[in-house]
$ cat start.cif   # mmCIF, C-alpha atoms and all ligand atoms
data_query
#
loop_
_atom_site.label_atom_id
_atom_site.label_comp_id
_atom_site.auth_asym_id
_atom_site.auth_seq_id
_atom_site.Cartn_x
_atom_site.Cartn_y
_atom_site.Cartn_z
CA MET D 232 0.00 0.00 0.00
CA ALA D 233 1.21 3.50 -0.80
CA GLU D 234 2.32 5.69 2.07
CA PRO D 235 -0.72 7.51 3.52
CA LEU D 236 -0.80 11.28 3.10
CA LEU D 237 -1.52 11.79 6.81
CA GLN D 238 -0.19 9.42 9.45
CA VAL D 239 -1.14 10.10 13.07
CA ARG D 240 0.44 7.89 15.70
CA ASP D 241 -0.26 7.66 19.43
CA LEU D 242 -1.65 11.17 19.68
CA ASN D 243 -2.32 12.43 23.20
CA ALA D 244 -3.70 15.81 24.18
CA TRP D 245 -4.52 17.52 27.44
CA TYR D 246 -6.52 20.52 28.57
CA GLY D 247 -4.83 21.32 31.86
CA ALA D 248 -4.90 18.05 33.78
CA ALA D 249 -7.66 16.53 31.62
CA HIS D 250 -6.16 13.87 29.33
CA VAL D 251 -8.70 14.11 26.49
CA LEU D 252 -6.94 12.26 23.65
CA GLN D 253 -5.44 8.97 24.66
CA GLY D 254 -3.33 7.34 22.00
CA VAL D 255 -5.19 8.12 18.80
CA SER D 256 -3.66 6.66 15.61
CA LEU D 257 -5.17 7.17 12.19
CA ASP D 258 -4.30 7.38 8.51
CA VAL D 259 -5.74 9.31 5.61
CA GLY D 260 -4.67 8.13 2.17
CA ARG D 261 -4.24 10.26 -0.93
CA GLY D 262 -7.60 11.04 -2.45
CA GLU D 263 -9.41 9.31 0.38
CA ILE D 264 -12.37 10.58 2.40
CA VAL D 265 -12.03 9.45 6.00
CA ALA D 266 -14.76 10.10 8.56
CA LEU D 267 -14.08 10.68 12.24
CA VAL D 268 -17.26 10.22 14.23
CA GLY D 269 -18.33 9.79 17.82
CA ARG D 270 -20.50 11.39 20.46
CA ASN D 271 -20.25 14.93 21.72
CA GLY D 272 -17.14 15.36 23.82
CA ALA D 273 -15.39 12.30 22.34
CA GLY D 274 -12.38 14.36 21.26
CA LYS D 275 -13.00 14.87 17.53
CA THR D 276 -12.38 18.63 17.53
CA THR D 277 -9.35 18.18 19.74
CA THR D 278 -7.95 15.67 17.23
CA VAL D 279 -8.13 18.08 14.29
CA ARG D 280 -6.98 21.01 16.41
CA THR D 281 -3.94 18.97 17.41
CA ILE D 282 -3.26 18.12 13.76
CA MET D 283 -3.36 21.86 13.02
CA GLY D 284 -1.02 22.65 15.91
CA LEU D 285 -3.61 24.45 18.02
CA ILE D 286 -3.31 22.41 21.22
CA ALA D 287 -0.42 23.31 23.47
CA LYS D 288 -0.09 20.16 25.54
CA ARG D 289 0.21 17.15 23.27
CA SER D 290 2.43 14.20 22.34
CA GLY D 291 2.67 11.70 19.52
CA THR D 292 3.64 11.75 15.87
CA ILE D 293 1.94 13.47 12.96
CA LEU D 294 3.43 12.94 9.51
CA PHE D 295 1.93 14.81 6.60
CA ASP D 296 3.35 14.01 3.19
CA GLY D 297 6.35 12.61 5.03
CA ILE D 298 6.93 15.81 7.02
CA ASP D 299 6.87 15.86 10.82
CA LEU D 300 4.13 18.37 11.65
CA MET D 301 4.75 18.47 15.39
CA ALA D 302 7.82 20.62 14.75
CA ARG D 303 5.85 23.11 12.62
CA GLN D 304 3.87 26.22 13.45
CA THR D 305 0.20 26.34 12.47
CA TYR D 306 0.82 28.76 9.59
CA GLU D 307 3.48 26.42 8.22
CA ARG D 308 0.97 23.56 8.28
CA PHE D 309 -1.33 25.62 6.03
CA GLY D 310 1.60 26.25 3.73
CA LEU D 311 2.37 22.53 3.50
CA GLY D 312 -1.05 21.86 1.97
CA LEU D 313 -3.42 21.39 4.89
CA GLY D 314 -6.78 23.15 4.75
CA TYR D 315 -8.94 23.56 7.84
CA VAL D 316 -12.62 24.37 8.23
CA PRO D 317 -13.04 24.82 11.98
CA GLU D 318 -16.18 24.04 13.94
CA GLU D 319 -16.86 27.73 14.56
CA ARG D 320 -16.40 28.69 10.86
CA ARG D 321 -14.46 31.87 11.63
CA ILE D 322 -16.20 34.05 9.10
CA VAL D 323 -14.86 37.47 9.98
CA PRO D 324 -17.51 40.06 10.91
CA GLY D 325 -17.26 43.40 9.12
CA LEU D 326 -15.57 41.81 6.09
CA THR D 327 -17.27 41.08 2.78
CA VAL D 328 -17.41 37.67 1.17
CA ARG D 329 -14.53 38.69 -1.12
CA GLU D 330 -12.41 39.86 1.82
CA ASN D 331 -13.06 36.64 3.71
CA LEU D 332 -11.92 34.69 0.64
CA MET D 333 -8.77 36.80 0.44
CA LEU D 334 -7.86 35.60 3.93
CA GLY D 335 -7.73 32.10 2.45
CA LEU D 336 -5.21 33.26 -0.11
CA LEU D 337 -3.13 34.89 2.60
CA ALA D 338 -3.18 31.71 4.68
CA ALA D 339 -1.72 29.85 1.74
CA ARG D 340 0.88 32.55 1.18
CA ARG D 341 -0.32 32.75 -2.36
CA GLY D 342 -0.31 36.48 -1.87
CA MET D 343 -2.43 38.69 -4.03
CA ALA D 344 -0.96 37.62 -7.37
CA GLY D 345 -3.70 35.73 -9.18
CA GLU D 346 -6.23 36.97 -6.65
CA ALA D 347 -8.86 38.00 -9.19
CA GLU D 348 -8.51 34.71 -11.01
CA ALA D 349 -8.87 32.71 -7.81
CA ILE D 350 -11.93 34.67 -6.68
CA ASN D 351 -13.50 34.25 -10.13
CA ALA D 352 -13.03 30.52 -9.90
CA VAL D 353 -14.88 30.52 -6.56
CA ALA D 354 -17.67 32.65 -8.03
CA MET D 355 -18.09 30.10 -10.83
CA ARG D 356 -18.08 27.08 -8.55
CA PHE D 357 -20.27 28.71 -5.86
CA PRO D 358 -22.72 30.99 -7.68
CA ARG D 359 -24.45 32.05 -4.47
CA LEU D 360 -21.14 33.35 -3.14
CA GLY D 361 -20.33 34.90 -6.51
CA GLU D 362 -23.52 36.97 -6.35
CA ARG D 363 -22.61 38.18 -2.87
CA LEU D 364 -18.91 39.00 -3.14
CA ASN D 365 -19.41 42.55 -1.88
CA GLN D 366 -21.93 41.68 0.81
CA GLU D 367 -20.89 41.49 4.44
CA ALA D 368 -20.33 37.77 4.95
CA VAL D 369 -22.04 37.41 8.32
CA THR D 370 -25.33 38.62 6.82
CA MET D 371 -25.59 35.40 4.80
CA SER D 372 -27.42 32.29 5.99
CA GLY D 373 -25.56 29.75 8.13
CA GLY D 374 -25.32 27.38 5.19
CA GLU D 375 -23.90 30.05 2.89
CA GLN D 376 -21.36 31.00 5.54
CA GLN D 377 -20.35 27.37 5.83
CA MET D 378 -19.92 27.13 2.04
CA LEU D 379 -17.78 30.28 2.28
CA ALA D 380 -15.61 28.67 4.96
CA ILE D 381 -15.11 25.62 2.72
CA ALA D 382 -14.46 27.73 -0.40
CA ARG D 383 -11.92 29.74 1.58
CA ALA D 384 -10.11 26.56 2.63
CA MET D 385 -10.13 25.36 -1.01
CA LEU D 386 -8.50 28.59 -2.24
CA SER D 387 -5.13 27.54 -0.91
CA GLN D 388 -5.38 24.40 -3.10
CA PRO D 389 -4.71 22.10 -0.17
CA THR D 390 -3.93 18.43 -0.71
CA MET D 391 -6.02 17.66 2.35
CA ILE D 392 -8.87 19.45 4.13
CA LEU D 393 -9.91 18.87 7.74
CA LEU D 394 -13.62 19.59 8.13
CA ASP D 395 -15.13 19.91 11.61
CA GLU D 396 -18.89 19.39 11.47
CA PRO D 397 -19.44 21.25 8.21
CA SER D 398 -23.13 20.36 7.94
CA GLU D 399 -24.05 21.55 11.43
CA GLY D 400 -27.15 23.70 11.46
CA ILE D 401 -27.63 23.98 7.73
CA MET D 402 -30.66 23.05 5.67
CA PRO D 403 -30.94 19.65 3.96
CA ALA D 404 -30.70 20.97 0.38
CA LEU D 405 -27.34 22.55 1.18
CA VAL D 406 -26.17 19.42 2.98
CA ASP D 407 -26.73 17.49 -0.28
CA GLU D 408 -24.83 20.15 -2.19
CA MET D 409 -22.00 19.92 0.31
CA ALA D 410 -21.85 16.14 0.03
CA GLU D 411 -21.58 16.52 -3.75
CA LEU D 412 -18.76 19.04 -3.28
CA PHE D 413 -16.84 16.61 -1.04
CA LEU D 414 -17.12 13.86 -3.65
CA GLU D 415 -15.98 16.32 -6.30
CA LEU D 416 -12.94 17.24 -4.17
CA LYS D 417 -12.14 13.57 -3.79
CA ARG D 418 -12.33 13.07 -7.57
CA SER D 419 -9.90 15.93 -8.00
CA GLY D 420 -7.45 14.11 -5.71
CA THR D 421 -7.99 16.07 -2.49
CA SER D 422 -8.05 14.05 0.73
CA LEU D 423 -10.65 14.83 3.38
CA LEU D 424 -10.82 14.13 7.08
CA LEU D 425 -14.47 14.69 7.85
CA ILE D 426 -15.92 15.11 11.32
CA GLU D 427 -19.68 14.86 11.19
CA GLN D 428 -22.47 14.64 13.67
CA ASN D 429 -24.55 13.50 10.71
CA VAL D 430 -23.07 10.03 10.91
CA GLU D 431 -25.20 8.62 8.15
CA LEU D 432 -23.97 11.31 5.74
CA ALA D 433 -20.37 10.83 6.88
CA LEU D 434 -20.46 7.06 6.41
CA GLU D 435 -22.23 7.33 3.08
CA ILE D 436 -19.63 9.55 1.45
CA SER D 437 -16.44 8.34 3.17
CA ASP D 438 -14.24 5.41 2.25
CA ARG D 439 -13.21 4.54 5.78
CA ALA D 440 -14.19 5.72 9.22
CA TYR D 441 -12.87 5.87 12.76
CA ILE D 442 -15.10 5.98 15.81
CA LEU D 443 -13.81 7.90 18.78
CA ASP D 444 -15.18 7.42 22.27
CA GLN D 445 -13.87 9.22 25.35
CA GLY D 446 -10.59 10.08 23.71
CA ARG D 447 -9.85 6.62 22.32
CA LEU D 448 -10.53 4.99 18.98
CA VAL D 449 -12.96 2.16 19.52
CA HIS D 450 -13.56 1.09 15.91
CA GLU D 451 -12.19 1.57 12.45
CA GLY D 452 -13.20 0.11 9.17
CA ALA D 453 -14.77 0.49 5.79
CA SER D 454 -17.58 3.01 6.08
CA ALA D 455 -20.08 0.76 4.34
CA GLU D 456 -19.46 -1.94 6.95
CA LEU D 457 -19.85 0.44 9.89
CA LEU D 458 -23.01 1.85 8.36
CA ALA D 459 -24.47 -1.64 8.16
CA ASP D 460 -23.67 -2.41 11.80
CA ALA D 461 -26.71 -1.43 13.85
CA ASP D 462 -24.95 -2.07 17.15
CA ILE D 463 -22.13 0.33 16.33
CA ARG D 464 -24.53 2.94 15.07
CA GLU D 465 -26.50 2.82 18.26
CA ARG D 466 -23.62 2.59 20.71
CA TYR D 467 -21.22 5.14 19.35
CA CYS D 468 -22.93 7.36 16.87
CA GLY D 469 -26.20 8.27 18.56
CA LEU D 470 -27.81 7.54 15.22
CA ILE D 471 -30.80 5.76 16.59
CA THR D 472 -31.16 7.54 19.91
CA GLU D 473 -30.51 11.15 18.92
CA SER D 474 -30.25 12.13 15.34
CA HIS D 475 -33.67 11.51 13.85
CA ASP D 476 -35.59 14.23 15.59
CA GLY D 477 -35.57 16.51 12.57
CA ALA D 478 -32.55 18.49 13.70
N1 LIG D 501 -10.86 24.41 25.77
C1 LIG D 501 -11.15 23.34 26.54
N2 LIG D 501 -10.80 23.31 27.86
C2 LIG D 501 -11.06 22.24 28.63
N3 LIG D 501 -11.68 21.13 28.18
C3 LIG D 501 -12.07 21.10 26.90
C4 LIG D 501 -11.83 22.20 26.01
N4 LIG D 501 -12.32 21.88 24.78
C5 LIG D 501 -12.85 20.65 24.91
N5 LIG D 501 -12.70 20.17 26.17
C6 LIG D 501 -13.10 18.84 26.66
O1 LIG D 501 -12.34 17.88 25.94
C7 LIG D 501 -13.16 16.76 25.58
C8 LIG D 501 -13.14 16.60 24.06
O2 LIG D 501 -13.79 17.72 23.46
P1 LIG D 501 -13.91 17.91 21.89
O3 LIG D 501 -12.62 17.56 21.26
O4 LIG D 501 -14.45 19.26 21.65
O5 LIG D 501 -14.99 16.78 21.52
P2 LIG D 501 -15.94 16.61 20.23
O6 LIG D 501 -15.45 17.52 19.16
O7 LIG D 501 -15.84 15.16 19.89
O8 LIG D 501 -17.33 16.96 20.68
C9 LIG D 501 -14.53 17.04 26.16
O9 LIG D 501 -14.60 16.40 27.40
C10 LIG D 501 -14.54 18.53 26.33
O10 LIG D 501 -15.40 18.91 27.39
MG MG D 502 -16.38 19.06 18.15
#

$ encode --input "start.cif" --output "structure tokens"
Amino acid sequence: MAEPLLQVRDLNAWYGAAHVLQGVSLDVGRGEIVALVGRNGAGKTTTVRTIMGLIAKRSGTILFDGIDLMARQTYERFGLGLGYVPEERRIVPGLTVRENLMLGLLAARRGMAGEAEAINAVAMRFPRLGERLNQEAVTMSGGEQQMLAIARAMLSQPTMILLDEPSEGIMPALVDEMAELFLELKRSGTSLLLIEQNVELALEISDRAYILDQGRLVHEGASAELLADADIRERYCGLITESHDGA
């Protein structure tokens, strides 16, 4: 098997004295969509924040494209080809859609050369953003803001994007559109690590999945197999007990 693009080994993370990640190891291959699922508080966000270098107290190994990330600053990790769509979106108030997109270019150190071209490409791919380039971004719907956060991450042409609950709080039509976008990214060779509270969606579009519970991985496997396992769905994903209340 070819070397995975992302190799995480024995990752541990702490908030103060709380040991919230306890030996997490996972791989994401080139062009693969990998889902990371598990209940609230399992440690999913902490895992991607640690991969991005945003958790101070941590140990373990993270290799990305053969490079040891632990020794790198967060901005360097962006420059190496990692894209990140955080849980809280980070759409900047007071800035227009275009200005928010420009932050994505800055993060990638692409500078402003080719800026117009890059923004045009976004406007073509995301017509609703294209129509609103000069509108203040926070006046858009939650779903449009989420699409903006994803488009912004894509602007740096990352080889891998970490997505933390991208479908949270957005309407079903946009969730379908987002799922289509993820598959399109995969076809273009981009790898995705997808955290989703919509476990069904995550398992449907991913190749493989890891289930995290209380800071430890409790299952990994082909997504289709996990999706078919009613016991796993009920025990770790809250699929049966929580997620079908129309939320
Ligand atoms: N900034 C923080 N300070 C202290 N504890 C935190 C902080 N963020 C998260 N935690 C705790 O760490 C654990 C993992 O949280 P998190 O990674 O956000 O889980 P998930 O994304 O799976 O819901 C939880 O017990 C949570 O309460
Ligand atoms: Mg989270």

$ closest_atom_pairs --input "start.cif" --of "chain D" --to "ligand MG 502 (chain D)" --cutoff "7 Å" --atoms "only C-alpha atoms and all ligand atoms" --output "tab-separated table"
residue	atom	partner	partner_atom	distance
D:Asn271	CA	D:MG502	MG	6.7
D:Gly272	CA	D:MG502	MG	6.8
D:Gly274	CA	D:MG502	MG	6.9
D:Lys275	CA	D:MG502	MG	5.4
D:Thr276	CA	D:MG502	MG	4.1
D:Glu318	CA	D:MG502	MG	6.5
D:Asp395	CA	D:MG502	MG	6.7

$ closest_residue --input "start.cif" --among "D:Gly312, D:Gly254, D:Gly260, D:Gly269" --to "ligand LIG 501 (chain D)" --atoms "only C-alpha atoms and all ligand atoms"
D:Gly269

$ residues_near_ligand --input "start.cif" --ligand "ligand LIG 501 (chain D)" --cutoff "10 Å" --atoms "only C-alpha atoms and all ligand atoms" --output "count of residues only"
35

$ closest_residue --input "start.cif" --among "D:Ile322, D:Val406, D:Ala455, D:Ala347" --to "Thr370 (chain D)" --atoms "only C-alpha atoms"
D:Ile322

$ atom_distance --input "start.cif" --atom1 "CA of Asn429 (chain D)" --atom2 "CA of Arg363 (chain D)"
28.2 Å

$ closest_residue --input "start.cif" --among "D:Arg383, D:Arg439, D:Arg359, D:Lys288" --to "Glu456 (chain D)" --atoms "all atoms listed in the file"
D:Arg439

$ atom_distance --input "start.cif" --atom1 "CA of Gln238 (chain D)" --atom2 "CA of Leu416 (chain D)"
20.2 Å

$ residues_around --input "start.cif" --residues "Pro389 (chain D)" --least-positions-apart "6" --cutoff "9 Å" --atoms "all atoms listed in the file" --output "NGL selection string"
:D and (309-314 or 339 or 421-422)

$ atom_distance --input "start.cif" --atom1 "CA of Leu285 (chain D)" --atom2 "CA of Leu242 (chain D)"
13.5 Å

$ closest_residue --input "start.cif" --among "D:Ala461, D:Tyr315, D:Ala354, D:Met391" --to "Pro235 (chain D)" --atoms "all atoms listed in the file"
D:Met391

$ closest_residue --input "start.cif" --among "D:Asn365, D:Thr327, D:Ser419, D:Gln376" --to "Gln388 (chain D)" --atoms "only C-alpha atoms"
D:Ser419

$ residues_near_point --input "start.cif" --point "(-13.2, 7.5, 2.7)" --cutoff "7 Å" --atoms "only C-alpha atoms" --output "PDB file with C-alpha atoms, in the frame of the given file"
ATOM      1  CA  GLU D 263      -9.410   9.310   0.380  1.00  0.00           C
ATOM      2  CA  ILE D 264     -12.370  10.580   2.400  1.00  0.00           C
ATOM      3  CA  VAL D 265     -12.030   9.450   6.000  1.00  0.00           C
ATOM      4  CA  ALA D 266     -14.760  10.100   8.560  1.00  0.00           C
ATOM      5  CA  ILE D 436     -19.630   9.550   1.450  1.00  0.00           C
ATOM      6  CA  SER D 437     -16.440   8.340   3.170  1.00  0.00           C
ATOM      7  CA  ASP D 438     -14.240   5.410   2.250  1.00  0.00           C
ATOM      8  CA  ARG D 439     -13.210   4.540   5.780  1.00  0.00           C
ATOM      9  CA  ALA D 440     -14.190   5.720   9.220  1.00  0.00           C
TER      10      ALA D 440
END

$ closest_residue --input "start.cif" --among "D:Val369, D:Leu394, D:Ala287, D:Leu412" --to "Val323 (chain D)" --atoms "all atoms listed in the file"
D:Val369

$ residues_around --input "start.cif" --residues "Ile463 (chain D)" --least-positions-apart "2" --cutoff "12 Å" --atoms "only C-alpha atoms" --output "list in words"
Val268, Gly269, Arg270, Val430, Ala440, Tyr441, Ile442, Leu443, Asp444, Val449, His450, Glu451, Gly452, Ser454, Glu456, Leu457, Leu458, Ala459, Asp460, Ala461, Glu465, Arg466, Tyr467, Cys468, Gly469, Leu470 and Ile471 of chain D

$ decode --input "start.cif" --residues "region 358-391 of chain D" --atoms "N, CA and C atoms" --output "PDB file, in the first residue's frame"
ATOM      1  N   PRO D 358     -22.021  29.810  -7.161  1.00  0.00           N
ATOM      2  CA  PRO D 358     -22.721  30.988  -7.685  1.00  0.00           C
ATOM      3  C   PRO D 358     -23.341  31.853  -6.584  1.00  0.00           C
ATOM      4  N   ARG D 359     -23.824  31.236  -5.526  1.00  0.00           N
ATOM      5  CA  ARG D 359     -24.453  32.055  -4.468  1.00  0.00           C
ATOM      6  C   ARG D 359     -23.430  32.945  -3.779  1.00  0.00           C
ATOM      7  N   LEU D 360     -22.194  32.486  -3.694  1.00  0.00           N
ATOM      8  CA  LEU D 360     -21.137  33.350  -3.141  1.00  0.00           C
ATOM      9  C   LEU D 360     -20.739  34.400  -4.171  1.00  0.00           C
ATOM     10  N   GLY D 361     -20.716  33.984  -5.431  1.00  0.00           N
ATOM     11  CA  GLY D 361     -20.334  34.903  -6.509  1.00  0.00           C
ATOM     12  C   GLY D 361     -21.252  36.109  -6.574  1.00  0.00           C
ATOM     13  N   GLU D 362     -22.555  35.865  -6.317  1.00  0.00           N
ATOM     14  CA  GLU D 362     -23.518  36.967  -6.345  1.00  0.00           C
ATOM     15  C   GLU D 362     -23.363  37.894  -5.149  1.00  0.00           C
ATOM     16  N   ARG D 363     -22.666  37.433  -4.128  1.00  0.00           N
ATOM     17  CA  ARG D 363     -22.612  38.176  -2.871  1.00  0.00           C
ATOM     18  C   ARG D 363     -21.198  38.613  -2.491  1.00  0.00           C
ATOM     19  N   LEU D 364     -20.327  38.724  -3.449  1.00  0.00           N
ATOM     20  CA  LEU D 364     -18.907  39.002  -3.137  1.00  0.00           C
ATOM     21  C   LEU D 364     -18.717  40.275  -2.329  1.00  0.00           C
ATOM     22  N   ASN D 365     -19.592  41.265  -2.567  1.00  0.00           N
ATOM     23  CA  ASN D 365     -19.406  42.547  -1.883  1.00  0.00           C
ATOM     24  C   ASN D 365     -20.318  42.721  -0.676  1.00  0.00           C
ATOM     25  N   GLN D 366     -21.027  41.648  -0.336  1.00  0.00           N
ATOM     26  CA  GLN D 366     -21.934  41.683   0.815  1.00  0.00           C
ATOM     27  C   GLN D 366     -21.152  41.294   2.072  1.00  0.00           C
ATOM     28  N   GLU D 367     -21.550  41.893   3.199  1.00  0.00           N
ATOM     29  CA  GLU D 367     -20.890  41.490   4.444  1.00  0.00           C
ATOM     30  C   GLU D 367     -21.211  40.013   4.706  1.00  0.00           C
ATOM     31  N   ALA D 368     -20.158  39.219   4.931  1.00  0.00           N
ATOM     32  CA  ALA D 368     -20.330  37.766   4.947  1.00  0.00           C
ATOM     33  C   ALA D 368     -21.264  37.279   6.052  1.00  0.00           C
ATOM     34  N   VAL D 369     -21.222  37.920   7.214  1.00  0.00           N
ATOM     35  CA  VAL D 369     -22.041  37.411   8.319  1.00  0.00           C
ATOM     36  C   VAL D 369     -23.538  37.681   8.127  1.00  0.00           C
ATOM     37  N   THR D 370     -23.909  38.430   7.077  1.00  0.00           N
ATOM     38  CA  THR D 370     -25.333  38.623   6.820  1.00  0.00           C
ATOM     39  C   THR D 370     -25.911  37.458   5.998  1.00  0.00           C
ATOM     40  N   MET D 371     -25.082  36.547   5.560  1.00  0.00           N
ATOM     41  CA  MET D 371     -25.592  35.396   4.797  1.00  0.00           C
ATOM     42  C   MET D 371     -26.153  34.333   5.738  1.00  0.00           C
ATOM     43  N   SER D 372     -26.870  33.380   5.174  1.00  0.00           N
ATOM     44  CA  SER D 372     -27.417  32.290   5.993  1.00  0.00           C
ATOM     45  C   SER D 372     -26.266  31.431   6.519  1.00  0.00           C
ATOM     46  N   GLY D 373     -26.579  30.636   7.547  1.00  0.00           N
ATOM     47  CA  GLY D 373     -25.564  29.751   8.132  1.00  0.00           C
ATOM     48  C   GLY D 373     -24.959  28.829   7.087  1.00  0.00           C
ATOM     49  N   GLY D 374     -25.800  28.307   6.209  1.00  0.00           N
ATOM     50  CA  GLY D 374     -25.315  27.383   5.185  1.00  0.00           C
ATOM     51  C   GLY D 374     -24.389  28.071   4.196  1.00  0.00           C
ATOM     52  N   GLU D 375     -24.753  29.305   3.817  1.00  0.00           N
ATOM     53  CA  GLU D 375     -23.904  30.055   2.887  1.00  0.00           C
ATOM     54  C   GLU D 375     -22.561  30.396   3.537  1.00  0.00           C
ATOM     55  N   GLN D 376     -22.612  30.718   4.825  1.00  0.00           N
ATOM     56  CA  GLN D 376     -21.364  30.998   5.538  1.00  0.00           C
ATOM     57  C   GLN D 376     -20.475  29.754   5.602  1.00  0.00           C
ATOM     58  N   GLN D 377     -21.135  28.602   5.775  1.00  0.00           N
ATOM     59  CA  GLN D 377     -20.351  27.372   5.829  1.00  0.00           C
ATOM     60  C   GLN D 377     -19.713  27.082   4.474  1.00  0.00           C
ATOM     61  N   MET D 378     -20.474  27.319   3.381  1.00  0.00           N
ATOM     62  CA  MET D 378     -19.916  27.132   2.044  1.00  0.00           C
ATOM     63  C   MET D 378     -18.735  28.092   1.837  1.00  0.00           C
ATOM     64  N   LEU D 379     -18.872  29.305   2.376  1.00  0.00           N
ATOM     65  CA  LEU D 379     -17.779  30.278   2.275  1.00  0.00           C
ATOM     66  C   LEU D 379     -16.532  29.767   3.010  1.00  0.00           C
ATOM     67  N   ALA D 380     -16.752  29.198   4.188  1.00  0.00           N
ATOM     68  CA  ALA D 380     -15.609  28.672   4.961  1.00  0.00           C
ATOM     69  C   ALA D 380     -14.911  27.546   4.186  1.00  0.00           C
ATOM     70  N   ILE D 381     -15.706  26.725   3.501  1.00  0.00           N
ATOM     71  CA  ILE D 381     -15.111  25.621   2.724  1.00  0.00           C
ATOM     72  C   ILE D 381     -14.404  26.175   1.486  1.00  0.00           C
ATOM     73  N   ALA D 382     -15.070  27.124   0.795  1.00  0.00           N
ATOM     74  CA  ALA D 382     -14.463  27.732  -0.402  1.00  0.00           C
ATOM     75  C   ALA D 382     -13.146  28.405  -0.028  1.00  0.00           C
ATOM     76  N   ARG D 383     -13.134  29.050   1.123  1.00  0.00           N
ATOM     77  CA  ARG D 383     -11.920  29.739   1.578  1.00  0.00           C
ATOM     78  C   ARG D 383     -10.785  28.736   1.810  1.00  0.00           C
ATOM     79  N   ALA D 384     -11.138  27.587   2.414  1.00  0.00           N
ATOM     80  CA  ALA D 384     -10.106  26.558   2.633  1.00  0.00           C
ATOM     81  C   ALA D 384      -9.604  26.012   1.295  1.00  0.00           C
ATOM     82  N   MET D 385     -10.514  25.916   0.296  1.00  0.00           N
ATOM     83  CA  MET D 385     -10.131  25.361  -1.008  1.00  0.00           C
ATOM     84  C   MET D 385      -9.202  26.292  -1.780  1.00  0.00           C
ATOM     85  N   LEU D 386      -9.291  27.603  -1.496  1.00  0.00           N
ATOM     86  CA  LEU D 386      -8.504  28.591  -2.237  1.00  0.00           C
ATOM     87  C   LEU D 386      -7.000  28.359  -2.149  1.00  0.00           C
ATOM     88  N   SER D 387      -6.562  27.772  -1.056  1.00  0.00           N
ATOM     89  CA  SER D 387      -5.129  27.540  -0.910  1.00  0.00           C
ATOM     90  C   SER D 387      -4.705  26.268  -1.647  1.00  0.00           C
ATOM     91  N   GLN D 388      -5.645  25.648  -2.356  1.00  0.00           N
ATOM     92  CA  GLN D 388      -5.381  24.405  -3.102  1.00  0.00           C
ATOM     93  C   GLN D 388      -4.691  23.367  -2.227  1.00  0.00           C
ATOM     94  N   PRO D 389      -5.322  23.061  -1.086  1.00  0.00           N
ATOM     95  CA  PRO D 389      -4.714  22.101  -0.170  1.00  0.00           C
ATOM     96  C   PRO D 389      -4.774  20.682  -0.751  1.00  0.00           C
ATOM     97  N   THR D 390      -3.849  19.841  -0.316  1.00  0.00           N
ATOM     98  CA  THR D 390      -3.931  18.434  -0.705  1.00  0.00           C
ATOM     99  C   THR D 390      -4.850  17.679   0.241  1.00  0.00           C
ATOM    100  N   MET D 391      -5.110  18.293   1.406  1.00  0.00           N
ATOM    101  CA  MET D 391      -6.024  17.656   2.354  1.00  0.00           C
ATOM    102  C   MET D 391      -6.784  18.736   3.122  1.00  0.00           C
TER     103      MET D 391
END
